[in-house]
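Student: If you scroll down you'll find the structure; I have some questions about it.
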Amino acid sequence: MSITQFKALVVTEGDDNQFSRKIVNRDVSTLPEGDVLINVKYSSLNYKDALSSSGNKGVTRKYPHTPGIDAAGIVAESKNEKFHAGDKVLVTGYDLGMNTSGGYGQYIQVPADWVVKLPTNLSLKETMIYGTAGFTAALSVYKLIHGGVKPSAGGILVTGATGGVGSIAVSILHKLGYSVIAATGKPDAKDMLLQIGAKDIILREELDDKSGKILLKGNWAGVIDTVGGNMLATALKSTNYGGSVTCCGNVASPELLTSVYPFILRGITLYGVDSVMCPMDLRLEIWSLLANEWKPHNLEQNVEEVSLDNLNKKIDLILQGKLQGRTIVNLDL
C-alpha cells in the first residue's frame with residue numbers, strides 16, 4: 001500500500017490523570033494486527049465513543065487510543081478470501097474503538113469476522129447514520145416483534161427518544177405502522193420527534209414513579225428503553241398484560257430496582273439488547289432489514305455531518321446530554 005500515514009484523533013493520558021484529545025498523523029504500521037485493512041470514509045458518534053474519548057477505563061483500558069466504535073469504508077488490503085481490495089464494508093461493535101484502534105482514524109485493521117459487506121440499498125454514509133445506535137434500535141424493534149407485539153396491540157413507548165438509539169427507533173417503528181409515544185427530557189424537541197414519527201410526546205418526569213406501588217395502570221403494549229434506572233422500572237410497572245420491554249442503555253442509571261409482579265401478574269417479558277457481540281447471522285439479517293423494509297423515509301433528517309477536526313465539541317455535548325439526533329464523521333473532510 002502506498003499510503004503509510006493517516007489522520008486520526010488520539011486520546012492521551014497525562015501524568016496528572018487528565019485526558020486530552022488531538023488530531024495527529026499516525027503510521028499504518030502502528031495499527032493492531034488484523035486480516036482486513038480498511039480505508040475509513042465515515043464513522044459516527046455514540047455515547048460509548050464519548051466515554052472512551054474522555055478516559056473512561058471501563059470502556060478503554062489503555063491510552064493513547066483512537067476511539068470510534070463504528071466505521072464504514074473501502075478495503076485497502078485483505079488476507080481473507082471473503083474480502084478484496086475495493087470492497088465497500090462496515091464494522092460496528094466487537095472491540096472496535098474500545099481497545100482496538102477505531103473509526104476516528106482514516107484506517108482501521110480488524111479481524112475478517114468483524115466485517116460486513118455493504119448491504120444493497122445502503123451507502124457508506126447511510127450505514128453510519130445508523131451506526132451502532134441504529135443497529136441497536138433495530139435489534140430492539142426486532143425483539144419487540146419477535147415477542148409478539150403487533151401494531152394493533154397499542155402504543156409503544158420509546159425512552160431517551162432524542163438520542164441516537166431512541167430517534168432511530170421512533171423512525172423505524174413509525175415506518176412499520178406502530179403508534180409511538182416518545183419520552184424526552186427536552187420539551188423543545190417536540191417538533192423534531194413528531195416529524196420523525198412520534199404520535200405523542202411525554203416528559204421523562206412522567207416516567208419517574210416513586211410511589212412504591214408494585215404495579216401502575218397499563219399504558220404500553222411495548223417499550224424500547226434506552227436509559228435504564230427508574231424510568232425502566234416505571235415502564236415495567238406500566239406495561240400492558242403480555243407486553244414486551246427491551247433494555248439497551250444505562251445513561252440514567254445502571255441500577256434496576258423492581259419487583260417480580262410485572263412479570264408474574266402481567267406476564268410481561270424484559271429483553272436485554274446487546275449490539276457488540278451480536279451473532280453474524282442475526283447481524284446480517286438486521287442490516288438487510290435496515291437497508292430495505294425498515295429503512296425510514298427520513299433517515300437523513302436530524303443528522304449532522306462533521307469533520308474529524310470538529311468532533312471535539314460534539315463529544316462534549318453528548319457527555320452533557322445536550323446532543324440531539326445523529327452525528328456522523330466524514331474522515332475525508
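FYI, nothing fancy with the C-alpha cells labels: chains A, B, ... in order, residues from 1 per chain, ligands from 1 as they appear.
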Determine, counting only C-alpha atoms, which protein, DNA and RNA residues have an atom within 9 Å of an atom of stretch 278-284 of chain A; residues of the same chain fewer than 5 positions away are not included. Present the result as a list of chain:residue names.
Tutor: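 Those residues are A:Gly93, A:Tyr94, A:Asp113, A:Trp114, A:Val116, A:Pro119, A:Phe135, A:Leu139, A:Leu289.
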Student: I'd like the contact shell of A:Gln5 - 8 Å cut-off, only C-alpha atoms, skipping same-chain residues fewer than 6 positions apart - returned as an MDAnalysis selection string.
Tutor: chainID A and resid 25:28
Student: Could you list, as a short mmCIF file (atom, residue, chain, number, x, y, z; two decimals) with N, CA and C atoms, in the first residue's frame, every residue within 9 Å of A:Ser253, counting only C-alpha atoms and ignoring same-chain residues fewer than 4 positions away?
Tutor:
data_model
loop_
_atom_site.label_atom_id
_atom_site.label_comp_id
_atom_site.auth_asym_id
_atom_site.auth_seq_id
_atom_site.Cartn_x
_atom_site.Cartn_y
_atom_site.Cartn_z
N VAL A 227 -32.40 4.13 28.53
CA VAL A 227 -31.77 4.90 29.61
C VAL A 227 -31.57 4.13 30.90
N GLY A 228 -32.36 3.11 31.18
CA GLY A 228 -32.22 2.34 32.41
C GLY A 228 -32.77 3.07 33.63
N GLY A 229 -32.33 2.63 34.82
CA GLY A 229 -32.71 3.29 36.06
C GLY A 229 -34.20 3.24 36.35
N ASN A 230 -34.69 4.28 37.04
CA ASN A 230 -36.09 4.29 37.47
C ASN A 230 -37.07 4.45 36.32
N GLY A 249 -29.60 0.45 27.47
CA GLY A 249 -28.74 1.55 27.91
C GLY A 249 -28.80 1.80 29.41
#
Student: Between stretch 236-306 of chain A and stretch 154-171 of chain A, at 12 Å or less, what are the per-residue closest atom pairs and their distances in Å? Count only C-alpha atoms, order by chain and rising residue number, and return it as a Markdown table.
Tutor:
| residue | atom | partner | partner_atom | distance |
| --- | --- | --- | --- | --- |
| A:Leu236 | CA | A:Leu157 | CA | 10.9 |
| A:Ser238 | CA | A:Leu157 | CA | 10.3 |
| A:Thr239 | CA | A:Leu157 | CA | 9.3 |
| A:Asn240 | CA | A:Gly154 | CA | 9.0 |
| A:Tyr241 | CA | A:Gly154 | CA | 11.3 |
| A:Gly242 | CA | A:Gly154 | CA | 11.8 |
| A:Gly243 | CA | A:Gly154 | CA | 9.8 |
| A:Ser244 | CA | A:Ile156 | CA | 9.6 |
| A:Val245 | CA | A:Leu157 | CA | 9.2 |
| A:Thr246 | CA | A:Val158 | CA | 9.7 |
| A:Cys247 | CA | A:Thr159 | CA | 10.0 |
| A:Cys248 | CA | A:Val165 | CA | 9.0 |
| A:Gly249 | CA | A:Val165 | CA | 9.3 |
| A:Asn250 | CA | A:Gly160 | CA | 10.6 |
| A:Val251 | CA | A:Gly160 | CA | 9.2 |
| A:Ala252 | CA | A:Gly160 | CA | 9.5 |
| A:Val273 | CA | A:Val165 | CA | 11.7 |
| A:Ser275 | CA | A:Val165 | CA | 11.4 |
| A:Leu290 | CA | A:Ile168 | CA | 10.6 |
| A:Trp294 | CA | A:Ser171 | CA | 8.9 |
| A:Lys295 | CA | A:Ser171 | CA | 8.6 |
| A:Pro296 | CA | A:Ser171 | CA | 5.9 |
| A:His297 | CA | A:Ser171 | CA | 8.4 |
| A:Asn298 | CA | A:Ser171 | CA | 7.6 |
| A:Leu299 | CA | A:Ser171 | CA | 7.9 |
| A:Glu300 | CA | A:Ile168 | CA | 10.5 |
| A:Gln301 | CA | A:Ser171 | CA | 10.2 |
| A:Asn302 | CA | A:Ser167 | CA | 9.1 |
| A:Val303 | CA | A:Gly164 | CA | 9.7 |
| A:Glu304 | CA | A:Gly164 | CA | 11.7 |
Student: Neighbouring residues of A:Ser307 were defined as those with any atom within 7 Å, considering only C-alpha atoms; residues of the same chain fewer than 6 positions away were excluded. Please report them as a PyMOL selection string.
Tutor: chain A and resi 329-331+333
Student: I'd like to know which residues of stretch 64-184 of chain A are strand (DSSP E) (by DSSP, run on the backbone); could you write them as a list in words?
Tutor: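 Strand (DSSP E) assignments inside stretch 64-184 of chain A correspond to Asp70, Ala71, Ala72, Gly73, Ile74, Val75, Ala76, Glu77, Ser78, Lys88, Val89, Leu90, Val91, Thr92, Tyr107, Ile108, Gln109, Val110, Val116, Lys117, Ile156, Leu157, Val158, Val180, Ile181, Ala182, Ala183 and Thr184 of chain A.
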Student: Please list as number ranges by chain every residue within 7 Å of A:Pro111, counting only C-alpha atoms and excluding residues in the same chain fewer than 5 positions away.
Tutor: A: 34-36
Student: Do you know which residues are at most 8 Å from A:Thr127 counting only C-alpha atoms, after dropping those on the same chain fewer than 4 positions away, and could you put them as an MDAnalysis selection string?
Tutor: chainID A and resid 72 90 122:123 131
Student: In terms of the shortest atom-to-atom distance over only C-alpha atoms, which of A:Ala291, A:Met98, A:Leu144, A:Ala137 is closest to A:Asp70?
Tutor: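 The closest residue to A:Asp70 is A:Met98.
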Student: Restricting the calculation to only C-alpha atoms, which member of A:Glu33, A:Leu173, A:Gly55, A:Asn39 is positioned closest to A:Ile74?
Tutor: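 Closest to A:Ile74, using only C-alpha atoms: A:Asn39.
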